[in-house]
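S.K.: Next comes target30.txt, compact mmCIF, C-alpha atoms and all ligand atoms:
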# COMPACT_ATOMS: atom_id res chain seq x y z
CA MET A 195 25.19 9.72 -1.98
CA LYS A 196 24.29 6.25 -3.16
CA TYR A 197 21.39 5.40 -5.44
CA ARG A 198 18.95 2.51 -5.37
CA ARG A 199 16.58 1.12 -7.96
CA LEU A 200 12.98 2.02 -7.28
CA GLY A 201 11.88 -1.58 -6.78
CA LYS A 202 12.49 -3.52 -9.96
CA SER A 203 12.06 -0.44 -12.16
CA GLY A 204 15.04 1.06 -13.92
CA LEU A 205 14.72 4.36 -12.05
CA GLN A 206 17.62 5.22 -9.74
CA VAL A 207 16.65 7.25 -6.68
CA SER A 208 19.00 8.71 -4.09
CA GLU A 209 19.03 6.92 -0.72
CA PHE A 210 17.96 10.19 0.92
CA SER A 211 15.28 12.24 -0.78
CA PHE A 212 13.52 15.41 0.36
CA GLY A 213 9.84 16.19 0.97
CA ALA A 214 7.75 19.36 1.00
CA TRP A 215 5.19 18.45 3.68
CA VAL A 216 4.63 21.10 6.40
CA THR A 217 7.47 23.30 5.17
CA PHE A 218 6.78 24.38 1.58
CA GLY A 219 3.99 26.90 1.37
CA LYS A 220 3.53 27.06 5.14
CA GLN A 221 6.98 27.97 6.47
CA TYR A 222 8.85 28.67 3.24
CA GLY A 223 8.35 30.54 0.01
CA VAL A 224 10.65 30.33 -2.99
CA ASP A 225 13.79 31.82 -1.38
CA GLY A 226 13.89 29.43 1.59
CA ALA A 227 12.80 26.51 -0.57
CA ALA A 228 15.61 27.25 -3.03
CA GLU A 229 18.20 26.98 -0.27
CA LEU A 230 16.74 23.67 0.91
CA LEU A 231 16.40 22.12 -2.54
CA ALA A 232 19.84 23.30 -3.67
CA THR A 233 21.50 21.93 -0.52
CA ALA A 234 19.85 18.56 -1.05
CA TYR A 235 20.61 18.48 -4.79
CA ASP A 236 24.25 19.44 -4.26
CA ALA A 237 24.55 16.54 -1.81
CA GLY A 238 23.29 14.14 -4.51
CA VAL A 239 19.59 14.04 -3.59
CA ASN A 240 17.65 13.49 -6.82
CA PHE A 241 14.06 12.93 -5.64
CA PHE A 242 11.71 15.63 -4.34
CA ASP A 243 8.33 14.66 -2.95
CA ASN A 244 5.09 16.63 -2.96
CA ALA A 245 1.28 16.26 -2.91
CA GLU A 246 -1.77 18.20 -4.02
CA GLY A 247 -2.88 18.05 -0.39
CA TYR A 248 0.17 19.86 1.00
CA GLU A 249 -1.12 23.35 1.80
CA GLN A 250 -3.89 22.96 -0.79
CA GLY A 251 -1.51 22.94 -3.73
CA THR A 252 0.71 25.78 -2.48
CA ALA A 253 3.57 23.36 -1.75
CA GLU A 254 3.49 22.24 -5.41
CA GLN A 255 3.45 25.88 -6.53
CA VAL A 256 6.41 26.81 -4.31
CA MET A 257 8.37 23.77 -5.50
CA GLY A 258 7.53 24.55 -9.13
CA ASP A 259 8.58 28.21 -8.83
CA THR A 260 11.75 27.10 -7.07
CA LEU A 261 12.65 24.49 -9.69
CA LYS A 262 12.19 27.19 -12.31
CA LYS A 263 14.47 29.55 -10.38
CA LEU A 264 17.13 26.86 -9.89
CA GLY A 265 17.00 25.93 -13.57
CA TRP A 266 18.22 22.35 -13.18
CA SER A 267 18.14 20.11 -16.19
CA ARG A 268 14.81 18.25 -16.13
CA ASP A 269 16.54 14.90 -16.68
CA SER A 270 18.65 15.29 -13.51
CA TYR A 271 15.90 14.98 -10.89
CA VAL A 272 12.76 13.07 -10.01
CA VAL A 273 9.67 14.92 -8.83
CA SER A 274 6.49 13.45 -7.44
CA THR A 275 3.06 14.52 -6.45
CA LYS A 276 0.05 12.74 -5.00
CA VAL A 277 -3.68 12.73 -5.64
CA PHE A 278 -6.44 12.31 -3.05
CA TRP A 279 -6.92 15.42 -0.91
CA GLY A 280 -7.74 18.09 -3.54
CA GLY A 281 -10.68 20.16 -2.32
CA GLU A 282 -13.96 19.94 -0.45
CA LYS A 283 -16.34 19.25 -3.34
CA PRO A 284 -17.10 15.57 -4.12
CA THR A 285 -15.31 15.75 -7.48
CA GLN A 286 -12.20 17.37 -5.96
CA LYS A 287 -11.02 14.43 -3.89
CA GLY A 288 -10.46 10.69 -4.00
CA LEU A 289 -9.27 8.50 -6.86
CA SER A 290 -12.02 8.72 -9.48
CA ARG A 291 -10.79 8.90 -13.07
CA LYS A 292 -11.93 12.53 -13.12
CA HIS A 293 -10.05 13.61 -10.02
CA VAL A 294 -6.92 11.60 -10.89
CA PHE A 295 -6.80 13.47 -14.23
CA ASP A 296 -7.71 16.90 -12.79
CA ALA A 297 -5.11 16.64 -10.00
CA CYS A 298 -2.43 15.48 -12.44
CA HIS A 299 -3.05 18.43 -14.76
CA ALA A 300 -3.14 20.89 -11.84
CA GLY A 301 0.06 19.38 -10.40
CA LEU A 302 1.89 19.58 -13.73
CA LYS A 303 0.91 23.23 -14.02
CA ARG A 304 1.88 24.19 -10.46
CA LEU A 305 5.13 22.23 -10.57
CA GLY A 306 5.90 23.71 -13.98
CA VAL A 307 6.92 20.37 -15.51
CA ASP A 308 5.79 18.46 -18.62
CA TYR A 309 5.57 15.15 -16.79
CA LEU A 310 5.55 13.75 -13.26
CA ASP A 311 8.19 11.14 -12.54
CA LEU A 312 6.17 9.58 -9.75
CA TYR A 313 2.44 9.98 -9.19
CA PHE A 314 0.98 8.51 -6.00
CA CYS A 315 -2.55 7.70 -4.85
CA HIS A 316 -2.16 9.37 -1.44
CA ARG A 317 -4.59 6.94 0.26
CA PRO A 318 -6.94 4.15 -0.89
CA ASP A 319 -10.38 5.36 -2.01
CA LEU A 320 -13.07 2.90 -0.96
CA ASN A 321 -15.64 4.73 -3.13
CA THR A 322 -13.83 4.14 -6.41
CA PRO A 323 -13.26 0.71 -7.97
CA ILE A 324 -9.53 -0.03 -8.03
CA GLU A 325 -9.84 -0.88 -11.74
CA GLU A 326 -11.00 2.69 -12.50
CA THR A 327 -7.93 4.15 -10.78
CA VAL A 328 -5.53 1.67 -12.41
CA ARG A 329 -6.95 2.53 -15.86
CA ALA A 330 -6.67 6.28 -15.17
CA MET A 331 -3.04 5.92 -14.08
CA HIS A 332 -2.25 3.71 -17.07
CA ASP A 333 -3.77 6.26 -19.44
CA LEU A 334 -1.71 9.09 -17.91
CA ILE A 335 1.38 6.96 -18.41
CA THR A 336 0.57 6.26 -22.07
CA GLN A 337 -0.09 10.00 -22.56
CA GLY A 338 3.45 10.71 -21.28
CA LYS A 339 2.23 12.76 -18.32
CA VAL A 340 3.37 10.27 -15.68
CA MET A 341 6.41 7.96 -15.70
CA TYR A 342 5.58 5.64 -12.77
CA TRP A 343 2.48 5.47 -10.61
CA GLY A 344 2.19 4.23 -7.06
CA THR A 345 0.24 4.31 -3.84
CA SER A 346 0.60 5.53 -0.28
CA GLU A 347 -0.58 3.59 2.75
CA TRP A 348 -2.49 1.01 0.73
CA SER A 349 -2.93 -2.40 2.28
CA ALA A 350 -1.13 -5.40 0.76
CA GLN A 351 -4.55 -6.65 -0.35
CA GLN A 352 -5.39 -3.40 -2.19
CA LEU A 353 -1.98 -3.44 -3.86
CA THR A 354 -2.41 -7.06 -4.91
CA GLU A 355 -5.80 -6.22 -6.42
CA ALA A 356 -4.32 -3.30 -8.36
CA TYR A 357 -1.52 -5.53 -9.60
CA GLY A 358 -3.97 -8.29 -10.59
CA VAL A 359 -6.27 -5.88 -12.46
CA ALA A 360 -3.30 -4.38 -14.30
CA ARG A 361 -1.93 -7.80 -15.30
CA GLN A 362 -5.37 -9.04 -16.37
CA HIS A 363 -6.00 -6.09 -18.69
CA GLY A 364 -2.47 -5.33 -19.89
CA LEU A 365 -2.28 -2.07 -17.89
CA SER A 366 0.65 -0.53 -15.97
CA PRO A 367 0.82 -1.88 -12.42
CA PRO A 368 1.90 0.30 -9.48
CA THR A 369 5.68 0.60 -9.20
CA MET A 370 6.06 2.02 -5.70
CA GLU A 371 4.33 2.52 -2.37
CA GLN A 372 4.90 5.34 0.15
CA PRO A 373 4.33 4.06 3.69
CA GLN A 374 5.42 5.46 7.02
CA TYR A 375 8.55 3.68 8.25
CA ASN A 376 10.63 4.43 11.31
CA LEU A 377 11.76 2.78 14.54
CA PHE A 378 8.18 2.88 15.83
CA VAL A 379 6.17 1.99 12.69
CA ARG A 380 7.36 -1.14 10.87
CA GLU A 381 4.46 -3.45 10.07
CA LYS A 382 3.82 -2.60 6.41
CA ILE A 383 7.45 -2.51 5.23
CA GLU A 384 8.69 -5.45 7.26
CA SER A 385 5.67 -7.73 7.18
CA ASP A 386 2.62 -6.83 5.05
CA TYR A 387 4.48 -6.04 1.85
CA LEU A 388 7.06 -8.84 2.06
CA PRO A 389 5.42 -10.99 -0.66
CA LEU A 390 5.01 -7.93 -2.92
CA TYR A 391 8.66 -6.95 -3.29
CA ASP A 392 9.22 -10.01 -5.46
CA LEU A 393 5.76 -10.44 -6.97
CA MET A 394 5.32 -6.84 -8.11
CA GLY A 395 8.90 -5.57 -7.89
CA LEU A 396 7.50 -2.99 -5.48
CA GLY A 397 9.75 -0.05 -4.55
CA THR A 398 9.19 2.07 -1.44
CA THR A 399 9.69 5.78 -0.72
CA ILE A 400 9.28 5.88 3.04
CA TRP A 401 7.99 8.85 5.08
CA SER A 402 8.54 10.29 8.58
CA PRO A 403 11.84 8.46 9.19
CA LEU A 404 12.25 10.54 12.37
CA ALA A 405 8.63 10.01 13.49
CA SER A 406 7.92 13.71 12.81
CA GLY A 407 11.03 14.76 14.74
CA MET A 408 10.50 12.67 17.88
CA LEU A 409 13.54 10.56 16.99
CA THR A 410 15.81 13.60 17.21
CA GLY A 411 15.38 13.61 21.00
CA LYS A 412 14.21 17.25 20.87
CA TYR A 413 10.96 16.36 22.68
CA ASN A 414 12.68 14.60 25.60
CA ASP A 415 12.25 17.57 27.96
CA GLY A 416 8.91 18.85 26.67
CA ILE A 417 7.69 20.36 23.43
CA PRO A 418 10.04 23.05 22.06
CA ASP A 419 8.22 26.27 21.09
CA ASP A 420 9.55 26.26 17.55
CA SER A 421 8.64 22.66 16.63
CA ARG A 422 6.06 21.65 14.04
CA VAL A 423 3.57 20.35 16.58
CA ASN A 424 2.95 23.96 17.66
CA LEU A 425 1.99 25.08 14.15
CA PRO A 426 -1.68 25.93 13.57
CA GLY A 427 -3.34 22.94 11.90
CA TYR A 428 -0.99 20.39 13.52
CA GLU A 429 -2.81 20.07 16.85
CA TRP A 430 -3.49 16.40 16.00
CA LEU A 431 0.26 15.74 15.97
CA LYS A 432 0.68 17.41 19.35
CA GLU A 433 -2.10 15.19 20.73
CA MET A 434 -0.29 12.14 19.36
CA PHE A 435 2.96 13.19 21.03
CA GLU A 436 1.16 13.80 24.34
CA SER A 437 -0.85 10.54 24.27
CA GLU A 438 0.09 7.49 26.36
CA ARG A 439 1.63 5.92 23.25
CA GLY A 440 3.60 9.11 22.63
CA LYS A 441 4.92 9.11 26.20
CA ASP A 442 5.92 5.45 25.87
CA ARG A 443 7.80 6.27 22.68
CA LEU A 444 9.58 9.17 24.37
CA LYS A 445 10.89 6.81 27.04
CA LYS A 446 12.32 4.63 24.29
CA VAL A 447 13.84 7.65 22.56
CA LYS A 448 15.80 8.42 25.72
CA GLU A 449 17.15 4.85 25.82
CA LEU A 450 17.91 4.92 22.09
CA ALA A 451 19.86 8.15 22.57
CA LYS A 452 22.21 6.34 24.94
CA VAL A 453 22.84 3.60 22.36
CA ALA A 454 23.53 6.23 19.71
CA ASP A 455 25.84 8.10 22.04
CA GLU A 456 27.86 4.96 22.75
CA ALA A 457 28.03 4.27 19.02
CA GLY A 458 29.37 7.81 18.48
CA MET A 459 26.53 9.43 16.57
CA PRO A 460 23.41 11.48 17.33
CA ILE A 461 20.15 9.57 17.68
CA HIS A 462 18.62 11.04 14.52
CA HIS A 463 21.57 9.85 12.43
CA MET A 464 21.14 6.39 13.90
CA ALA A 465 17.38 6.45 13.21
CA LEU A 466 17.87 7.50 9.57
CA LEU A 467 20.61 4.93 8.94
CA TRP A 468 18.45 2.25 10.51
CA CYS A 469 15.78 2.89 7.83
CA LEU A 470 18.40 2.53 5.09
CA GLU A 471 19.51 -0.82 6.50
CA ASN A 472 16.36 -2.36 5.04
CA PRO A 473 17.04 -3.31 1.39
CA ASN A 474 13.32 -3.02 0.60
CA VAL A 475 13.50 0.72 1.27
CA SER A 476 14.29 2.46 -2.02
CA THR A 477 14.61 5.96 -0.57
CA VAL A 478 14.17 7.66 2.81
CA ILE A 479 12.29 10.97 2.44
CA LEU A 480 13.83 13.57 4.75
CA GLY A 481 11.79 16.43 6.17
CA ALA A 482 13.33 19.62 7.53
CA SER A 483 11.93 22.93 8.71
CA ARG A 484 15.32 24.57 8.77
CA LEU A 485 18.33 24.46 6.49
CA SER A 486 20.56 23.44 9.42
CA GLN A 487 18.36 20.36 10.03
CA LEU A 488 18.71 19.24 6.43
CA GLN A 489 22.48 19.80 6.48
CA ASP A 490 22.70 17.85 9.73
CA ASN A 491 20.55 14.95 8.49
CA LEU A 492 22.53 14.57 5.28
CA LYS A 493 25.67 14.08 7.39
CA ALA A 494 24.17 10.85 8.79
CA LEU A 495 25.55 9.07 5.73
CA ASP A 496 29.09 9.61 7.07
CA SER A 497 28.28 7.42 10.09
CA ARG A 498 27.18 4.33 8.17
CA LYS A 499 29.91 2.11 9.58
CA LYS A 500 28.83 2.95 13.13
CA LEU A 501 25.53 1.11 12.72
CA THR A 502 27.07 -2.28 13.50
CA PRO A 503 25.13 -5.52 14.12
CA ASP A 504 25.67 -4.94 17.86
CA VAL A 505 24.15 -1.47 17.67
CA ILE A 506 21.21 -2.84 15.68
CA ALA A 507 20.70 -5.56 18.29
CA ALA A 508 20.70 -2.95 21.06
CA ILE A 509 18.13 -0.90 19.14
CA GLU A 510 15.89 -3.94 18.64
CA LYS A 511 15.99 -4.71 22.34
CA ILE A 512 14.71 -1.24 23.18
CA VAL A 513 12.03 -0.84 20.54
CA ASP A 514 10.94 -4.47 20.90
CA ASN A 515 8.54 -4.24 17.95
CA LYS A 516 10.06 -6.36 15.19
CA PRO A 517 7.12 -7.74 13.16
CA ASP A 518 6.86 -11.52 12.96
CA GLY A 519 6.43 -11.48 9.20
CA PRO A 520 3.93 -13.60 7.27
CA GLN A 521 2.90 -16.87 8.91
CA VAL A 522 4.62 -19.94 7.49
CA PHE A 523 2.93 -23.35 7.73
CA GLU A 524 5.19 -26.41 7.77
N1 LIG A 601 2.58 9.77 2.01
C1 LIG A 601 2.25 10.31 3.16
O1 LIG A 601 1.14 10.11 3.66
C2 LIG A 601 3.23 11.18 3.86
C3 LIG A 601 2.99 11.59 5.20
C4 LIG A 601 3.95 12.38 5.83
C5 LIG A 601 5.11 12.75 5.14
N2 LIG A 601 5.29 12.38 3.84
C6 LIG A 601 6.50 12.78 3.07
O2 LIG A 601 7.67 12.45 3.82
C7 LIG A 601 8.45 13.64 4.05
C8 LIG A 601 9.18 13.52 5.37
O3 LIG A 601 8.25 13.34 6.43
P1 LIG A 601 8.46 14.10 7.79
O4 LIG A 601 8.63 15.56 7.52
O5 LIG A 601 7.39 13.68 8.73
O6 LIG A 601 9.89 13.48 8.24
P2 LIG A 601 10.58 13.39 9.66
O7 LIG A 601 12.03 13.27 9.37
O8 LIG A 601 9.96 12.31 10.47
O9 LIG A 601 10.27 14.78 10.40
C9 LIG A 601 10.82 15.97 9.92
C10 LIG A 601 10.71 17.03 11.01
O10 LIG A 601 11.49 16.65 12.15
C11 LIG A 601 12.20 17.77 12.64
N3 LIG A 601 13.63 17.56 12.36
C12 LIG A 601 14.16 16.95 11.26
N4 LIG A 601 15.50 16.91 11.34
C13 LIG A 601 15.83 17.51 12.51
C14 LIG A 601 17.06 17.76 13.15
N5 LIG A 601 18.21 17.38 12.60
N6 LIG A 601 17.03 18.38 14.35
C15 LIG A 601 15.87 18.74 14.92
N7 LIG A 601 14.67 18.53 14.37
C16 LIG A 601 14.64 17.92 13.16
C17 LIG A 601 11.65 18.99 11.90
O11 LIG A 601 10.47 19.42 12.55
P3 LIG A 601 10.33 20.77 13.40
O12 LIG A 601 9.51 21.69 12.59
O13 LIG A 601 9.60 20.34 14.61
O14 LIG A 601 11.69 21.32 13.67
C18 LIG A 601 11.27 18.37 10.57
O15 LIG A 601 10.34 19.13 9.84
C19 LIG A 601 7.42 14.78 3.94
O16 LIG A 601 8.00 16.01 3.61
C20 LIG A 601 6.53 14.27 2.82
O17 LIG A 601 7.13 14.52 1.56
C21 LIG A 601 4.38 11.59 3.21
What do you get writing this file as structure tokens?

M.R.:
Amino acid sequence: MKYRRLGKSGLQVSEFSFGAWVTFGKQYGVDGAAELLATAYDAGVNFFDNAEGYEQGTAEQVMGDTLKKLGWSRDSYVVSTKVFWGGEKPTQKGLSRKHVFDACHAGLKRLGVDYLDLYFCHRPDLNTPIEETVRAMHDLITQGKVMYWGTSEWSAQQLTEAYGVARQHGLSPPTMEQPQYNLFVREKIESDYLPLYDLMGLGTTIWSPLASGMLTGKYNDGIPDDSRVNLPGYEWLKEMFESERGKDRLKKVKELAKVADEAGMPIHHMALLWCLENPNVSTVILGASRLSQLQDNLKALDSRKKLTPDVIAAIEKIVDNKPDGPQVFE
């Protein structure tokens, strides 16, 4: 396993990390989670991702109980959580100072840790001034409850505002952003955020590198019974897969599988390695609903040399979605 700096911060995160979404609390309790976390950790994974919104806090609880059971030294791993989707009441959601503090305290308790390494704003909150959220995050940092704060799916403009407010008032700016990034979704990482990597030293912890499993090729002949899109509560994902856009993507997956085959690796290894090719990606968060999937995905790192410039060119031709990048005037 190799490690990358989280943006321009001094924190070293493993190139592959592991996330709790869908699985922890829904499919797995402590025993299954322990197998998954231990397998990742033994392979060198040092960052584990979570959110208050994953199974209404149960994913944090399962991860916390598991970390306790595993007994790893606290200084050997990085754990995150996110604030935004807490509960139904007006004070239980969003990014107000109150909810940012409440969710942090609840997360610390459920995860059983004294501090969060990374604390993300899970989405932008249009009903809270950005300055209020920046101040709340800064205060948590000065209290020692959070090491680095960041955002998820914020626009470049919202990030720039947060950075400006922080610089103006001597507060801690966001260190990292967590956007979706995979062969089908590229705009934020490859275009919108380009000026911010240098300006802010922004790091990125990217999600859904396999487009929720579509880039494994397992949906090529229909939806398998045991896949996540059949889980109660994930009907929206099934609709996405069955939409016209989903069908178009599936066609591309079939073509990508041929490229991967010729390169001598499975398509999901190629898709994961493709994400790592981008130097602005600090870590790729893996998801897995079975131990065998995690073991398989970790093996992608052995195929690094197979992702040659020719293979990348063949991929680009199929996906045909490379963002233009910011406009330059001569
Ligand atoms: N910030 C955000 O808004 C946000 C949003 C989403 C995710 N995340 C984070 O990113 C993490 C990863 O996202 P993700 O779970 O969507 O990642 P993903 O890699 O795109 O999808 C993972 C899913 O794909 C399937 N899969 C993975 N490896 C496989 C393999 N080798 N063979 C067959 N199927 C395989 C499994 O689903 P099946 O159950 O179908 O087998 C697995 O649960 C999450 O856990 C979470 O921490 C963040």

S.K.: Within 10 Å of (26.5, 2.5, -1.7), only C-alpha atoms: residues as a PyMOL selection string?

M.R.: chain A and resi 195-198+209+495

S.K.: To one decimal place in Å, what is the distance between atom C1 of ligand LIG 601 (chain A) and CA of Glu347 (chain A)?

M.R.: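 One can read the atom C1 of ligand LIG 601 (chain A) to CA of Glu347 (chain A) distance as 7.3 Å.
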
S.K.: Please identify the residues whose atoms come within 6 Å of ligand LIG 601 (chain A), using only C-alpha atoms and all ligand atoms, and report them as a PyMOL selection string.

M.R.: chain A and resi 213-215+243-244+316+346+372+401-407+410+421-422+479-483+487+490-491

S.K.: Would you save the residues from that selection as a PDB file, keeping the file's coordinate frame, using C-alpha atoms?

M.R.:
ATOM      1  CA  GLY A 213       9.840  16.190   0.970  1.00  0.00           C
ATOM      2  CA  ALA A 214       7.750  19.360   1.000  1.00  0.00           C
ATOM      3  CA  TRP A 215       5.190  18.450   3.680  1.00  0.00           C
ATOM      4  CA  ASP A 243       8.330  14.660  -2.950  1.00  0.00           C
ATOM      5  CA  ASN A 244       5.090  16.630  -2.960  1.00  0.00           C
ATOM      6  CA  HIS A 316      -2.160   9.370  -1.440  1.00  0.00           C
ATOM      7  CA  SER A 346       0.600   5.530  -0.280  1.00  0.00           C
ATOM      8  CA  GLN A 372       4.900   5.340   0.150  1.00  0.00           C
ATOM      9  CA  TRP A 401       7.990   8.850   5.080  1.00  0.00           C
ATOM     10  CA  SER A 402       8.540  10.290   8.580  1.00  0.00           C
ATOM     11  CA  PRO A 403      11.840   8.460   9.190  1.00  0.00           C
ATOM     12  CA  LEU A 404      12.250  10.540  12.370  1.00  0.00           C
ATOM     13  CA  ALA A 405       8.630  10.010  13.490  1.00  0.00           C
ATOM     14  CA  SER A 406       7.920  13.710  12.810  1.00  0.00           C
ATOM     15  CA  GLY A 407      11.030  14.760  14.740  1.00  0.00           C
ATOM     16  CA  THR A 410      15.810  13.600  17.210  1.00  0.00           C
ATOM     17  CA  SER A 421       8.640  22.660  16.630  1.00  0.00           C
ATOM     18  CA  ARG A 422       6.060  21.650  14.040  1.00  0.00           C
ATOM     19  CA  ILE A 479      12.290  10.970   2.440  1.00  0.00           C
ATOM     20  CA  LEU A 480      13.830  13.570   4.750  1.00  0.00           C
ATOM     21  CA  GLY A 481      11.790  16.430   6.170  1.00  0.00           C
ATOM     22  CA  ALA A 482      13.330  19.620   7.530  1.00  0.00           C
ATOM     23  CA  SER A 483      11.930  22.930   8.710  1.00  0.00           C
ATOM     24  CA  GLN A 487      18.360  20.360  10.030  1.00  0.00           C
ATOM     25  CA  ASP A 490      22.700  17.850   9.730  1.00  0.00           C
ATOM     26  CA  ASN A 491      20.550  14.950   8.490  1.00  0.00           C
TER      27      ASN A 491
END

S.K.: Hey, what's within 12 Å of Thr345 (chain A) if we count all atoms listed in the file and toss same-chain stuff fewer than 6 positions away? As a ChimeraX atom specification, please?

M.R.: /A:274-278,289,312-319,324,327-328,331,352-354,356-357,367-373,396-400

S.K.: Determine, counting only C-alpha atoms, which protein, DNA and RNA residues have an atom within 9 Å of an atom of Glu246 (chain A); residues of the same chain fewer than 4 positions away are not included. Present the result as a VMD selection string.

M.R.: chain A and resid 250 to 254 275 to 280 297 to 298 300 to 301

S.K.: Which of these residues is nearest to Lys448 (chain A), using only C-alpha atoms: A:Arg268, A:Lys516, A:Lys412, A:Lys432?

M.R.: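 Among A:Arg268, A:Lys516, A:Lys412, A:Lys432, it is A:Lys412 that comes nearest to Lys448 (chain A).
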
S.K.: With only C-alpha atoms as the basis for distance, which of A:Leu485, A:Arg304, A:Asp296, A:Tyr248 is at the shortest distance from Lys262 (chain A)?

M.R.: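 Among A:Leu485, A:Arg304, A:Asp296, A:Tyr248, it is A:Arg304 that comes nearest to Lys262 (chain A).
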
S.K.: Identify which of the residues A:Gly219, A:Ala457, A:Leu302, A:Ser211 lies closest to Ala237 (chain A), counting all atoms listed in the file when measuring atom-to-atom distances.

M.R.: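 Closest candidate: A:Ser211.
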
S.K.: To one decimal place in Å, what is the distance between CA of Leu450 (chain A) and CA of Phe435 (chain A)?

M.R.: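 One can read the CA of Leu450 (chain A) to CA of Phe435 (chain A) distance as 17.1 Å.
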
S.K.: Can you work out the spacing between CA of Glu355 (chain A) and CA of Leu334 (chain A) in Å, to one decimal?

M.R.: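 Calculated distance between CA of Glu355 (chain A) and CA of Leu334 (chain A) is 19.6 Å.
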
S.K.: Which of these residues is nearest to Gly519 (chain A), using only C-alpha atoms: A:Ile383, A:Leu310, A:Ile335, A:Val294?

M.R.: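 Selected residue with least distance to Gly519 (chain A): A:Ile383.
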
S.K.: Using all atoms listed in the file, which of the listed residues (A:Asn321, A:Ser497, A:Thr233, A:Gln221) sits closest to His462 (chain A)?

M.R.: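 For His462 (chain A), the nearest of the candidates is A:Ser497.
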
S.K.: Go through A:Ser366, A:Gln374, A:Gln489, A:Ser290 and flag the residue nearest Leu230 (chain A), using all atoms listed in the file for the distances.

M.R.: A:Gln489

S.K.: List the neighbours of Leu409 (chain A) out to 8 Å using only C-alpha atoms; skip same-chain residues closer than 6 positions along the sequence, and give me the result as a list of chain:residue names.

M.R.: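 What passes the distance filter is A:Val447, A:Ile461, A:His462, A:Ala465.
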
S.K.: Could you pull region 261-278 of chain A out of the block above and give me C-alpha atoms, as a PDB file, in the first residue's frame?

M.R.:
ATOM      1  CA  LEU A 261     -12.569  -0.527  16.626  1.00  0.00           C
ATOM      2  CA  LYS A 262     -12.863  -1.242  20.338  1.00  0.00           C
ATOM      3  CA  LYS A 263     -12.884  -4.993  19.692  1.00  0.00           C
ATOM      4  CA  LEU A 264      -9.888  -4.777  17.341  1.00  0.00           C
ATOM      5  CA  GLY A 265      -7.960  -2.655  19.837  1.00  0.00           C
ATOM      6  CA  TRP A 266      -5.702  -0.920  17.318  1.00  0.00           C
ATOM      7  CA  SER A 267      -3.503   1.867  18.539  1.00  0.00           C
ATOM      8  CA  ARG A 268      -5.417   5.124  18.020  1.00  0.00           C
ATOM      9  CA  ASP A 269      -2.425   6.749  16.317  1.00  0.00           C
ATOM     10  CA  SER A 270      -2.325   4.060  13.592  1.00  0.00           C
ATOM     11  CA  TYR A 271      -5.553   4.906  11.754  1.00  0.00           C
ATOM     12  CA  VAL A 272      -7.666   7.788  10.527  1.00  0.00           C
ATOM     13  CA  VAL A 273     -11.409   7.807  11.121  1.00  0.00           C
ATOM     14  CA  SER A 274     -13.953  10.208   9.714  1.00  0.00           C
ATOM     15  CA  THR A 275     -17.568  11.052  10.093  1.00  0.00           C
ATOM     16  CA  LYS A 276     -19.880  13.555   8.442  1.00  0.00           C
ATOM     17  CA  VAL A 277     -22.552  15.966   9.592  1.00  0.00           C
ATOM     18  CA  PHE A 278     -25.732  16.913   7.731  1.00  0.00           C
TER      19      PHE A 278
END
